[in-house]
$ cat start23.txt   # compact mmCIF, C-alpha atoms and all ligand atoms
# COMPACT_ATOMS: atom_id res chain seq x y z
CA MET A 267 -8.79 -132.89 -36.48
CA GLY A 268 -7.76 -132.68 -40.13
CA ARG A 269 -7.89 -135.68 -42.47
CA LYS A 270 -4.83 -137.92 -42.44
CA LEU A 271 -4.23 -139.68 -45.72
CA LEU A 272 -0.51 -140.42 -45.49
CA LEU A 273 0.35 -140.71 -41.81
CA GLU A 274 -2.89 -142.13 -40.42
CA LYS A 275 -1.29 -145.56 -40.00
CA ALA A 276 2.32 -144.49 -39.49
CA HIS A 277 2.13 -145.12 -35.73
CA ILE A 278 0.80 -148.67 -35.88
CA GLU A 279 3.33 -151.03 -34.37
CA ASN A 280 5.49 -152.72 -37.00
CA ILE A 281 3.71 -150.99 -39.91
CA ARG A 282 7.16 -150.93 -41.48
CA LEU A 283 6.76 -154.65 -42.10
CA TYR A 284 4.90 -155.90 -45.16
CA ASP A 285 2.54 -158.23 -43.26
CA VAL A 286 1.29 -155.47 -40.98
CA TYR A 287 1.06 -152.90 -43.78
CA ARG A 288 -0.89 -155.35 -45.94
CA ARG A 289 -3.22 -156.30 -43.06
CA GLU A 290 -3.98 -152.60 -42.68
CA GLY A 291 -5.12 -152.35 -46.30
CA GLY A 292 -1.75 -151.74 -47.94
CA TYR A 293 -1.19 -152.38 -51.67
CA ARG A 294 -4.90 -152.01 -52.50
CA SER A 295 -4.08 -149.21 -54.94
CA VAL A 296 -1.72 -151.51 -56.84
CA GLU A 297 -4.37 -154.21 -57.12
CA LYS A 298 -6.96 -151.69 -58.25
CA ALA A 299 -4.69 -149.97 -60.79
CA LEU A 300 -3.04 -153.02 -62.33
CA LYS A 301 -6.12 -155.24 -62.42
CA THR A 302 -8.92 -152.80 -63.23
CA MET A 303 -7.43 -149.64 -64.75
CA SER A 304 -5.39 -148.64 -67.78
CA PRO A 305 -2.19 -146.59 -67.29
CA ASP A 306 -3.95 -143.54 -68.79
CA ALA A 307 -6.88 -143.97 -66.40
CA VAL A 308 -4.45 -143.84 -63.45
CA THR A 309 -2.95 -140.59 -64.82
CA GLU A 310 -6.47 -139.24 -65.29
CA GLU A 311 -7.29 -139.86 -61.59
CA VAL A 312 -4.11 -138.06 -60.57
CA LYS A 313 -5.10 -135.14 -62.82
CA LYS A 314 -8.58 -135.03 -61.30
CA SER A 315 -7.11 -135.01 -57.80
CA GLY A 316 -5.39 -131.68 -58.45
CA LEU A 317 -2.26 -133.06 -56.74
CA ARG A 318 0.64 -130.64 -57.07
CA GLY A 319 4.26 -131.69 -56.59
CA ARG A 320 5.39 -131.71 -52.96
CA GLY A 321 9.07 -131.11 -53.82
CA GLY A 322 8.76 -127.34 -53.82
CA ALA A 323 7.63 -126.01 -57.18
CA GLY A 324 4.04 -127.26 -56.88
CA PHE A 325 3.74 -128.34 -60.51
CA PRO A 326 0.51 -130.32 -61.22
CA THR A 327 1.54 -133.99 -61.08
CA GLY A 328 -0.99 -135.43 -63.55
CA MET A 329 -0.03 -132.80 -66.10
CA LYS A 330 3.67 -133.58 -65.63
CA TRP A 331 2.96 -137.26 -66.22
CA SER A 332 1.01 -136.54 -69.39
CA PHE A 333 4.02 -134.64 -70.83
CA LEU A 334 6.11 -137.82 -70.69
CA ALA A 335 7.30 -138.68 -74.21
CA LYS A 336 6.47 -142.24 -75.29
CA PRO A 337 8.68 -143.16 -78.26
CA GLU A 338 8.48 -146.82 -79.31
CA GLY A 339 11.12 -149.14 -77.86
CA VAL A 340 12.68 -146.54 -75.54
CA PRO A 341 12.55 -147.16 -71.75
CA ARG A 342 10.87 -144.62 -69.46
CA TYR A 343 11.79 -144.01 -65.86
CA LEU A 344 10.25 -142.80 -62.65
CA VAL A 345 12.81 -141.25 -60.33
CA VAL A 346 11.77 -140.42 -56.79
CA ASN A 347 13.52 -137.41 -55.34
CA ALA A 348 14.40 -138.26 -51.73
CA ASP A 349 17.32 -135.84 -51.53
CA GLU A 350 15.62 -133.62 -48.91
CA SER A 351 18.53 -131.30 -48.16
CA GLU A 352 16.55 -128.12 -47.51
CA PRO A 353 17.44 -126.84 -44.03
CA GLY A 354 14.69 -127.70 -41.53
CA THR A 355 12.97 -130.32 -43.68
CA PHE A 356 12.55 -133.93 -42.63
CA LYS A 357 9.06 -134.94 -43.78
CA ASP A 358 10.26 -137.31 -46.53
CA ARG A 359 12.64 -138.95 -44.07
CA TYR A 360 9.76 -139.48 -41.64
CA LEU A 361 7.53 -141.02 -44.28
CA MET A 362 10.25 -143.38 -45.55
CA GLU A 363 11.39 -144.32 -42.06
CA PHE A 364 8.00 -145.08 -40.53
CA ILE A 365 5.82 -146.17 -43.43
CA PRO A 366 8.20 -147.16 -46.26
CA HIS A 367 5.67 -149.41 -48.01
CA LEU A 368 3.51 -146.36 -48.72
CA LEU A 369 6.27 -145.00 -50.96
CA ILE A 370 6.87 -148.40 -52.60
CA GLU A 371 3.12 -148.82 -53.19
CA GLY A 372 2.88 -145.33 -54.71
CA MET A 373 5.89 -146.05 -56.91
CA ILE A 374 4.41 -149.26 -58.31
CA THR A 375 1.11 -147.59 -59.22
CA SER A 376 2.87 -144.50 -60.61
CA SER A 377 5.42 -146.53 -62.59
CA PHE A 378 2.54 -148.54 -64.08
CA ALA A 379 0.85 -145.29 -65.17
CA LEU A 380 4.08 -144.06 -66.76
CA GLY A 381 4.99 -147.36 -68.43
CA ALA A 382 8.27 -147.63 -66.51
CA SER A 383 9.78 -151.01 -65.77
CA ARG A 384 12.76 -149.70 -63.77
CA SER A 385 12.36 -146.96 -61.19
CA TYR A 386 14.76 -145.31 -58.80
CA ILE A 387 14.79 -143.69 -55.39
CA TYR A 388 17.61 -141.13 -55.24
CA ILE A 389 18.16 -140.60 -51.54
CA ARG A 390 20.18 -138.11 -49.54
CA GLY A 391 23.49 -139.77 -48.62
CA GLU A 392 23.12 -139.05 -44.90
CA TYR A 393 19.89 -141.10 -44.79
CA ALA A 394 21.99 -144.27 -44.78
CA TRP A 395 19.80 -146.20 -42.31
CA ILE A 396 16.72 -145.46 -44.40
CA VAL A 397 18.32 -147.15 -47.39
CA ASP A 398 18.22 -150.41 -45.37
CA ILE A 399 14.56 -149.82 -44.46
CA LEU A 400 13.62 -149.17 -48.11
CA GLU A 401 15.59 -152.14 -49.37
CA GLN A 402 13.86 -154.41 -46.90
CA ALA A 403 10.46 -153.05 -48.00
CA ILE A 404 11.38 -153.57 -51.67
CA GLN A 405 12.46 -157.15 -50.97
CA GLU A 406 9.24 -157.86 -49.06
CA ALA A 407 7.14 -156.39 -51.86
CA LYS A 408 9.01 -158.60 -54.30
CA ASN A 409 8.58 -161.71 -52.15
CA ASN A 410 4.84 -161.06 -52.16
CA GLY A 411 4.45 -160.58 -55.91
CA PHE A 412 4.17 -156.77 -55.96
CA LEU A 413 7.56 -156.24 -57.66
CA GLY A 414 9.62 -158.18 -60.17
CA LYS A 415 8.24 -160.04 -63.15
CA ASN A 416 4.54 -160.39 -63.96
CA ILE A 417 3.23 -158.47 -60.95
CA LEU A 418 -0.03 -160.03 -59.65
CA GLY A 419 -0.17 -162.07 -62.87
CA THR A 420 -0.91 -158.95 -64.93
CA GLY A 421 2.15 -159.12 -67.17
CA TYR A 422 3.55 -155.88 -65.75
CA ASP A 423 7.22 -155.98 -64.66
CA LEU A 424 8.93 -153.51 -62.35
CA GLU A 425 12.20 -153.27 -60.43
CA ILE A 426 12.94 -150.50 -57.92
CA TYR A 427 16.51 -149.46 -57.08
CA VAL A 428 17.76 -147.19 -54.28
CA GLN A 429 20.73 -144.93 -54.99
CA ARG A 430 22.46 -142.81 -52.34
CA GLY A 431 23.66 -139.31 -53.16
CA ALA A 432 26.96 -138.01 -51.84
CA GLY A 433 25.68 -135.05 -49.84
CA ALA A 434 25.32 -132.16 -52.30
CA TYR A 435 22.34 -129.80 -51.90
CA ILE A 436 22.21 -129.11 -55.63
CA CYS A 437 21.51 -132.78 -56.33
CA GLY A 438 17.94 -132.14 -55.12
CA GLU A 439 17.43 -130.17 -58.33
CA GLU A 440 16.03 -132.70 -60.74
CA THR A 441 18.54 -132.42 -63.60
CA ALA A 442 21.56 -132.36 -61.27
CA LEU A 443 20.01 -135.39 -59.58
CA LEU A 444 19.82 -137.21 -62.92
CA GLU A 445 23.49 -136.42 -63.65
CA SER A 446 24.44 -137.77 -60.23
CA LEU A 447 22.25 -140.85 -60.69
CA GLU A 448 24.14 -141.52 -63.92
CA GLY A 449 27.37 -141.49 -61.90
CA LYS A 450 28.53 -138.04 -62.98
CA ARG A 451 29.24 -134.82 -61.11
CA GLY A 452 25.89 -133.29 -60.06
CA ASN A 453 25.80 -130.27 -62.36
CA PRO A 454 22.34 -129.08 -63.45
CA ARG A 455 21.52 -129.53 -67.13
CA ILE A 456 20.34 -126.77 -69.43
CA LYS A 457 16.55 -127.00 -69.98
CA PRO A 458 14.98 -127.64 -72.45
CA PRO A 459 15.07 -130.51 -73.13
CA PHE A 460 13.09 -131.32 -69.98
CA PRO A 461 13.44 -134.71 -68.28
CA ALA A 462 10.02 -135.72 -69.65
CA VAL A 463 11.69 -135.84 -73.07
CA LYS A 464 15.36 -136.43 -72.26
CA GLY A 465 15.96 -137.51 -68.68
CA LEU A 466 17.82 -140.44 -67.18
CA TRP A 467 20.28 -141.84 -69.76
CA ASP A 468 18.56 -139.55 -72.29
CA CYS A 469 15.27 -141.43 -71.90
CA PRO A 470 11.88 -139.91 -70.96
CA THR A 471 11.77 -139.54 -67.17
CA VAL A 472 9.43 -138.24 -64.50
CA VAL A 473 11.06 -136.93 -61.31
CA ASN A 474 8.70 -136.63 -58.36
CA ASN A 475 9.11 -135.99 -54.66
CA VAL A 476 8.60 -138.79 -52.08
CA GLU A 477 5.41 -137.26 -50.68
CA THR A 478 3.96 -136.66 -54.16
CA ILE A 479 4.31 -140.34 -55.03
CA ALA A 480 2.96 -141.48 -51.64
CA ALA A 481 -0.15 -139.32 -52.25
CA VAL A 482 -0.96 -141.39 -55.34
CA VAL A 483 -2.00 -144.24 -53.00
CA PRO A 484 -5.03 -142.48 -51.41
CA ILE A 485 -5.86 -140.87 -54.76
CA ILE A 486 -6.24 -144.25 -56.46
CA ASN A 487 -7.92 -145.85 -53.44
CA GLU A 488 -10.49 -143.10 -52.92
CA GLY A 489 -10.60 -141.51 -56.38
CA GLY A 490 -9.23 -138.22 -57.64
CA ASP A 491 -12.51 -136.35 -57.10
CA GLU A 492 -12.62 -137.31 -53.41
CA TYR A 493 -9.02 -136.17 -52.91
CA ALA A 494 -9.79 -132.86 -54.64
CA LYS A 495 -12.56 -132.16 -52.11
CA ILE A 496 -9.91 -131.69 -49.40
CA GLY A 497 -8.07 -128.39 -49.24
CA VAL A 498 -8.71 -125.03 -50.82
CA GLY A 499 -8.55 -123.71 -54.38
CA LYS A 500 -5.69 -125.26 -56.30
CA SER A 501 -4.11 -126.60 -53.10
CA THR A 502 -5.90 -129.93 -52.84
CA GLY A 503 -5.32 -132.84 -50.50
CA THR A 504 -3.14 -133.02 -47.44
CA LYS A 505 0.42 -131.83 -46.90
CA LEU A 506 3.22 -132.99 -44.64
CA ILE A 507 4.91 -130.16 -42.78
CA SER A 508 8.28 -130.43 -41.01
CA ALA A 509 7.88 -128.08 -38.05
CA CYS A 510 11.02 -127.00 -36.23
CA GLY A 511 12.46 -123.96 -34.52
CA ASN A 512 11.34 -122.29 -31.31
CA ILE A 513 7.94 -123.98 -31.02
CA LYS A 514 6.54 -126.18 -28.28
CA LYS A 515 6.00 -129.34 -30.32
CA GLN A 516 8.41 -130.00 -33.14
CA GLY A 517 7.72 -132.78 -35.59
CA VAL A 518 6.08 -133.82 -38.85
CA TYR A 519 2.39 -132.98 -39.13
CA GLU A 520 -0.12 -133.81 -41.82
CA ILE A 521 -2.45 -130.90 -42.42
CA ASP A 522 -5.20 -130.33 -44.91
CA MET A 523 -4.65 -127.23 -46.93
CA THR A 524 -7.35 -125.17 -45.26
CA ILE A 525 -5.64 -124.18 -42.03
CA SER A 526 -3.78 -120.92 -41.63
CA VAL A 527 -0.12 -120.57 -40.63
CA GLU A 528 -1.23 -118.95 -37.35
CA GLU A 529 -3.48 -121.87 -36.53
CA PHE A 530 -0.71 -124.32 -37.38
CA ILE A 531 1.75 -122.55 -35.07
CA TYR A 532 -0.60 -121.96 -32.14
CA SER A 533 -3.02 -124.88 -32.18
CA ASP A 534 -2.37 -127.64 -29.63
CA GLU A 535 -3.10 -130.17 -32.34
CA TYR A 536 0.05 -128.99 -34.11
CA CYS A 537 2.99 -126.88 -32.85
CA GLY A 538 1.31 -125.72 -29.62
CA GLY A 539 2.64 -122.16 -29.80
CA ILE A 540 6.02 -120.55 -29.27
CA ALA A 541 8.30 -122.16 -26.68
CA ASN A 542 9.86 -120.63 -23.58
CA GLY A 543 7.34 -117.80 -23.26
CA ARG A 544 8.80 -115.97 -26.21
CA LYS A 545 6.98 -114.10 -28.96
CA LEU A 546 6.89 -115.02 -32.62
CA LYS A 547 9.25 -112.93 -34.71
CA ALA A 548 9.20 -114.66 -38.08
CA CYS A 549 8.23 -117.86 -39.82
CA ILE A 550 9.85 -119.52 -42.83
CA PRO A 551 7.03 -121.45 -44.49
CA GLY A 552 9.20 -123.44 -46.93
CA GLY A 553 12.60 -123.72 -48.51
CA SER A 554 15.23 -121.09 -49.24
CA SER A 555 13.35 -119.65 -52.20
CA VAL A 556 10.11 -118.76 -50.36
CA SER A 557 9.28 -115.39 -48.82
CA ASN A 558 9.61 -115.32 -45.05
CA PHE A 559 6.62 -114.28 -42.95
CA THR A 560 7.93 -111.28 -41.08
CA SER A 561 5.33 -108.64 -41.93
CA LYS A 562 4.07 -106.50 -39.07
CA SER A 563 0.47 -107.49 -39.74
CA PHE A 564 1.28 -111.22 -39.66
CA ILE A 565 3.20 -110.96 -36.40
CA GLU A 566 0.54 -108.75 -34.81
CA ASP A 567 -2.17 -111.12 -35.91
CA CYS A 568 -0.35 -114.05 -34.31
CA GLN A 569 0.27 -112.16 -31.09
CA ARG A 570 -3.35 -111.02 -30.88
CA ARG A 571 -4.51 -114.59 -31.37
CA THR A 572 -2.28 -115.94 -28.59
CA LYS A 573 -3.40 -113.17 -26.26
CA ASN A 574 -7.07 -113.76 -26.94
CA ASP A 575 -6.54 -117.48 -26.76
CA GLU A 576 -8.62 -117.83 -29.90
CA LEU A 577 -7.08 -121.02 -31.13
C1 LIG B 1 18.39 -126.20 -55.63
C2 LIG B 1 17.19 -127.09 -55.65
C3 LIG B 1 17.06 -128.10 -54.71
C4 LIG B 1 15.95 -128.96 -54.72
N1 LIG B 1 15.85 -129.93 -53.77
C5 LIG B 1 14.80 -130.78 -53.81
C6 LIG B 1 14.68 -131.85 -52.87
O1 LIG B 1 15.54 -132.01 -51.97
N2 LIG B 1 13.61 -132.67 -52.96
C7 LIG B 1 12.65 -132.52 -53.95
O2 LIG B 1 11.71 -133.30 -54.02
N3 LIG B 1 12.73 -131.51 -54.84
C8 LIG B 1 13.78 -130.66 -54.81
N4 LIG B 1 13.87 -129.68 -55.75
C9 LIG B 1 12.83 -129.62 -56.81
C10 LIG B 1 13.14 -130.61 -57.95
O3 LIG B 1 13.99 -129.98 -58.90
C11 LIG B 1 11.87 -131.06 -58.67
O4 LIG B 1 11.12 -129.94 -59.04
C12 LIG B 1 10.99 -131.95 -57.80
O5 LIG B 1 11.70 -133.08 -57.33
C13 LIG B 1 9.82 -132.43 -58.63
O6 LIG B 1 8.97 -133.21 -57.83
P1 LIG B 1 7.45 -132.81 -57.56
O7 LIG B 1 6.86 -132.40 -58.90
O8 LIG B 1 6.84 -134.05 -57.02
O9 LIG B 1 7.49 -131.67 -56.62
C14 LIG B 1 14.95 -128.79 -55.74
C15 LIG B 1 15.08 -127.77 -56.67
C16 LIG B 1 16.16 -126.91 -56.63
C17 LIG B 1 16.25 -125.81 -57.66

$ encode --input "start23.txt" --output "C-alpha cells" --more "lines below"
Ligand SMILES: Cc1cc2nc3c(=O)[nH]c(=O)nc-3n(C[C@H](O)[C@H](O)[C@H](O)COP(=O)(O)O)c2cc1C
Amino acid sequence: MGRKLLLEKAHIENIRLYDVYRREGGYRSVEKALKTMSPDAVTEEVKKSGLRGRGGAGFPTGMKWSFLAKPEGVPRYLVVNADESEPGTFKDRYLMEFIPHLLIEGMITSSFALGASRSYIYIRGEYAWIVDILEQAIQEAKNNGFLGKNILGTGYDLEIYVQRGAGAYICGEETALLESLEGKRGNPRIKPPFPAVKGLWDCPTVVNNVETIAAVVPIINEGGDEYAKIGVGKSTGTKLISACGNIKKQGVYEIDMTISVEEFIYSDEYCGGIANGRKLKACIPGGSSVSNFTSKSFIEDCQRRTKNDEL
C-alpha cells in the first residue's frame, strides 16, 4: 500500500463537515503556519518538499511562489485552478467533493505564505453542485475563526471566493482563466508579463491547481523534507490519478511516484487490469499534450506481466 496524504481521510463519514474534519486533525497546518512560522518559512518548506504543480506543467511550486512580486501597497492574489476540463480527468472534482476542507485549509496556509488577503477558486461551470459544497466549507471555516478578519487572533485576514467558469476548455490555461475571472472573454494573454508580476487585475498573482494547494497541508504538517522522501527523483510526494477507460476498477487513486504505469494498470490495489478479457492497446498518461504509451515494448511488457501474473 502506498502512502496516502490527501485521500487518507476522504472516506470518513461526514468528513465534508467542519466538525468531523477538525476532529480528524484538520486545520493543524493553519495553526502551525500562522502561529509559529513566517510567510517565507512556509514557502521554504514548500520548496524543500520538491512539490511540482499538479495542473499539468509540473513547475516547482515553491519556486513559483518565490517569483511573486511584492510591491508596497499592491494586493496579491492566490487563484486556485479548478477548471479541470481535460478529457478523462476528475481528480480535482473528487477532492473538492469529498474532502473540501483540505482545499480550504491549503488555501489559507498558501495565501498566508503569499501575503494574499483575497483568494479565489475558479471552478469549471459544470461542477455546480461542488460550488455549494465549497461555499458551505468556506462558511464553516469562517464561523470557526479560520477565515475572515484576524484569523486565530494572529492579525491575518483572508476571504475566499468561488467563481464558476462558463464551460470553455481554454479557461484552464492560467492567463485565459484570469481574463475570465475578471469578467472578460477567456482569451489567453501574451506572456511575459507572467501572472506573478501582472496577474488578476494587473496585480501579482499565483495560479495553482487544486491538488497542488491541497498538498501544502501535509507538507506543512509533516515538513518539506519528509514529503520529499516519498517518490522518486524530482517527482516527490503523492499524486492523484483519474483512472478511466477499459479497466476493471475506474476511479481516483492516490499513488506515490515510485510505481510504474504497468503496476498501476494491473495491480488489484489500483485499476485491477484490463476489463472484459481484452488486451491493453494504449494508455494516455495525462492530458492532450502528453505522449501516448503505444510503443510495442510497453504493450509487450504489460502483456507479459499479465500472463506471468507478476503483479
Ligand atoms: C489549454 C490549457 C488548459 C489547462 N487546463 C488546466 C486545468 O484545467 N487545470 C489546471 O490546474 N491547469 C490547467 N492548465 C495549466 C495552467 O495554465 C497552469 O499551468 C496551472 O494551473 C498551474 O498550476 P500548478 O503550478 O499548480 O500546476 C492548462 C493549460 C493549458 C495550456

$ atom_distance --input "start23.txt" --atom1 "atom CA of A:His277" --atom2 "atom CA of A:Leu361"
10.9 Å

$ residues_near_ligand --input "start23.txt" --ligand "ligand LIG 1 (chain B)" --cutoff "8 Å" --atoms "only C-alpha atoms and all ligand atoms" --output "mmCIF file with C-alpha atoms, in the frame of the given file"
data_model
loop_
_atom_site.group_PDB
_atom_site.id
_atom_site.type_symbol
_atom_site.label_atom_id
_atom_site.label_comp_id
_atom_site.auth_asym_id
_atom_site.auth_seq_id
_atom_site.Cartn_x
_atom_site.Cartn_y
_atom_site.Cartn_z
ATOM 1 C CA ARG A 318 0.640 -130.640 -57.070
ATOM 2 C CA GLY A 319 4.260 -131.690 -56.590
ATOM 3 C CA ARG A 320 5.390 -131.710 -52.960
ATOM 4 C CA GLY A 321 9.070 -131.110 -53.820
ATOM 5 C CA GLY A 322 8.760 -127.340 -53.820
ATOM 6 C CA ALA A 323 7.630 -126.010 -57.180
ATOM 7 C CA GLY A 324 4.040 -127.260 -56.880
ATOM 8 C CA PHE A 325 3.740 -128.340 -60.510
ATOM 9 C CA PRO A 326 0.510 -130.320 -61.220
ATOM 10 C CA THR A 327 1.540 -133.990 -61.080
ATOM 11 C CA LYS A 330 3.670 -133.580 -65.630
ATOM 12 C CA VAL A 346 11.770 -140.420 -56.790
ATOM 13 C CA ASN A 347 13.520 -137.410 -55.340
ATOM 14 C CA ALA A 348 14.400 -138.260 -51.730
ATOM 15 C CA ASP A 349 17.320 -135.840 -51.530
ATOM 16 C CA GLU A 350 15.620 -133.620 -48.910
ATOM 17 C CA SER A 351 18.530 -131.300 -48.160
ATOM 18 C CA GLU A 352 16.550 -128.120 -47.510
ATOM 19 C CA TYR A 435 22.340 -129.800 -51.900
ATOM 20 C CA ILE A 436 22.210 -129.110 -55.630
ATOM 21 C CA CYS A 437 21.510 -132.780 -56.330
ATOM 22 C CA GLY A 438 17.940 -132.140 -55.120
ATOM 23 C CA GLU A 439 17.430 -130.170 -58.330
ATOM 24 C CA GLU A 440 16.030 -132.700 -60.740
ATOM 25 C CA THR A 441 18.540 -132.420 -63.600
ATOM 26 C CA VAL A 473 11.060 -136.930 -61.310
ATOM 27 C CA ASN A 474 8.700 -136.630 -58.360
ATOM 28 C CA ASN A 475 9.110 -135.990 -54.660
ATOM 29 C CA VAL A 476 8.600 -138.790 -52.080
ATOM 30 C CA GLU A 477 5.410 -137.260 -50.680
ATOM 31 C CA THR A 478 3.960 -136.660 -54.160
ATOM 32 C CA ILE A 479 4.310 -140.340 -55.030
#

$ axis_aligned_box --input "start23.txt" --around "stretch 287-292 of chain A" --padding-each-side "6 Å" --output "JSON"
{"center_x": -2.0, "center_y": -154.0, "center_z": -45.3, "size_x": 18.2, "size_y": 16.6, "size_z": 17.3}

$ residues_around --input "start23.txt" --residues "A:Gly539" --least-positions-apart "4" --cutoff "8 Å" --atoms "all atoms listed in the file" --output "MDAnalysis selection string"
chainID A and resid 513:515 531:534

$ write_last_selection --input "start23.txt" --atoms "C-alpha atoms" --output "CSV table (one decimal), in the coordinates of the input"
chain,number,residue,atom,x,y,z
A,513,ILE,CA,7.9,-124.0,-31.0
A,514,LYS,CA,6.5,-126.2,-28.3
A,515,LYS,CA,6.0,-129.3,-30.3
A,531,ILE,CA,1.8,-122.6,-35.1
A,532,TYR,CA,-0.6,-122.0,-32.1
A,533,SER,CA,-3.0,-124.9,-32.2
A,534,ASP,CA,-2.4,-127.6,-29.6

$ residues_around --input "start23.txt" --residues "A:Ser304" --least-positions-apart "5" --cutoff "9 Å" --atoms "all atoms listed in the file" --output "PDB file with C-alpha atoms, keeping the file's coordinate frame"
ATOM      1  CA  ALA A 299      -4.690-149.970 -60.790  1.00  0.00           C
ATOM      2  CA  THR A 309      -2.950-140.590 -64.820  1.00  0.00           C
ATOM      3  CA  PHE A 378       2.540-148.540 -64.080  1.00  0.00           C
ATOM      4  CA  ALA A 379       0.850-145.290 -65.170  1.00  0.00           C
TER       5      ALA A 379
END

$ decode --input "start23.txt" --residues "stretch 347-354 of chain A" --atoms "all heavy atoms" --output "JSON list (two decimals), in the first residue's frame"
[["chain", "number", "residue", "atom", "x", "y", "z"],
["A", 347, "ASN", "N", -6.90, 26.92, -9.55],
["A", 347, "ASN", "CA", -7.42, 26.48, -10.84],
["A", 347, "ASN", "C", -8.19, 25.17, -10.66],
["A", 347, "ASN", "O", -7.61, 24.10, -10.48],
["A", 347, "ASN", "CB", -6.24, 26.30, -11.81],
["A", 347, "ASN", "CG", -6.68, 26.05, -13.23],
["A", 347, "ASN", "OD1", -7.83, 25.69, -13.47],
["A", 347, "ASN", "ND2", -5.77, 26.24, -14.17],
["A", 348, "ALA", "N", -9.52, 25.28, -10.66],
["A", 348, "ALA", "CA", -10.38, 24.09, -10.53],
["A", 348, "ALA", "C", -11.18, 23.92, -11.81],
["A", 348, "ALA", "O", -12.33, 23.48, -11.78],
["A", 348, "ALA", "CB", -11.31, 24.26, -9.31],
["A", 349, "ASP", "N", -10.58, 24.28, -12.93],
["A", 349, "ASP", "CA", -11.31, 24.23, -14.21],
["A", 349, "ASP", "C", -11.46, 22.79, -14.71],
["A", 349, "ASP", "O", -12.48, 22.45, -15.31],
["A", 349, "ASP", "CB", -10.61, 25.10, -15.25],
["A", 349, "ASP", "CG", -11.54, 25.40, -16.40],
["A", 349, "ASP", "OD1", -12.63, 25.94, -16.14],
["A", 349, "ASP", "OD2", -11.22, 25.07, -17.56],
["A", 350, "GLU", "N", -10.46, 22.00, -14.51],
["A", 350, "GLU", "CA", -10.45, 20.55, -14.81],
["A", 350, "GLU", "C", -11.34, 20.14, -16.00],
["A", 350, "GLU", "O", -12.33, 19.42, -15.85],
["A", 350, "GLU", "CB", -10.88, 19.75, -13.56],
["A", 350, "GLU", "CG", -10.53, 18.28, -13.71],
["A", 350, "GLU", "CD", -10.61, 17.50, -12.41],
["A", 350, "GLU", "OE1", -11.68, 17.44, -11.80],
["A", 350, "GLU", "OE2", -9.57, 16.91, -12.01],
["A", 351, "SER", "N", -10.94, 20.59, -17.17],
["A", 351, "SER", "CA", -11.73, 20.25, -18.38],
["A", 351, "SER", "C", -11.06, 19.20, -19.25],
["A", 351, "SER", "O", -11.59, 18.86, -20.30],
["A", 351, "SER", "CB", -11.95, 21.50, -19.23],
["A", 351, "SER", "OG", -12.55, 22.49, -18.48],
["A", 352, "GLU", "N", -9.87, 18.75, -18.85],
["A", 352, "GLU", "CA", -9.15, 17.77, -19.68],
["A", 352, "GLU", "C", -9.98, 16.49, -19.76],
["A", 352, "GLU", "O", -10.41, 15.97, -18.73],
["A", 352, "GLU", "CB", -7.80, 17.48, -19.00],
["A", 352, "GLU", "CG", -6.76, 16.88, -19.89],
["A", 352, "GLU", "CD", -6.28, 17.84, -20.97],
["A", 352, "GLU", "OE1", -5.92, 18.97, -20.64],
["A", 352, "GLU", "OE2", -6.30, 17.42, -22.13],
["A", 353, "PRO", "N", -10.20, 15.97, -20.98],
["A", 353, "PRO", "CA", -11.00, 14.73, -21.06],
["A", 353, "PRO", "C", -10.42, 13.64, -20.15],
["A", 353, "PRO", "O", -9.21, 13.44, -20.11],
["A", 353, "PRO", "CB", -10.87, 14.34, -22.54],
["A", 353, "PRO", "CG", -10.59, 15.62, -23.24],
["A", 353, "PRO", "CD", -9.77, 16.45, -22.29],
["A", 354, "GLY", "N", -11.30, 12.96, -19.44],
["A", 354, "GLY", "CA", -10.88, 11.84, -18.59],
["A", 354, "GLY", "C", -10.33, 12.23, -17.23],
["A", 354, "GLY", "O", -9.89, 11.37, -16.48]]
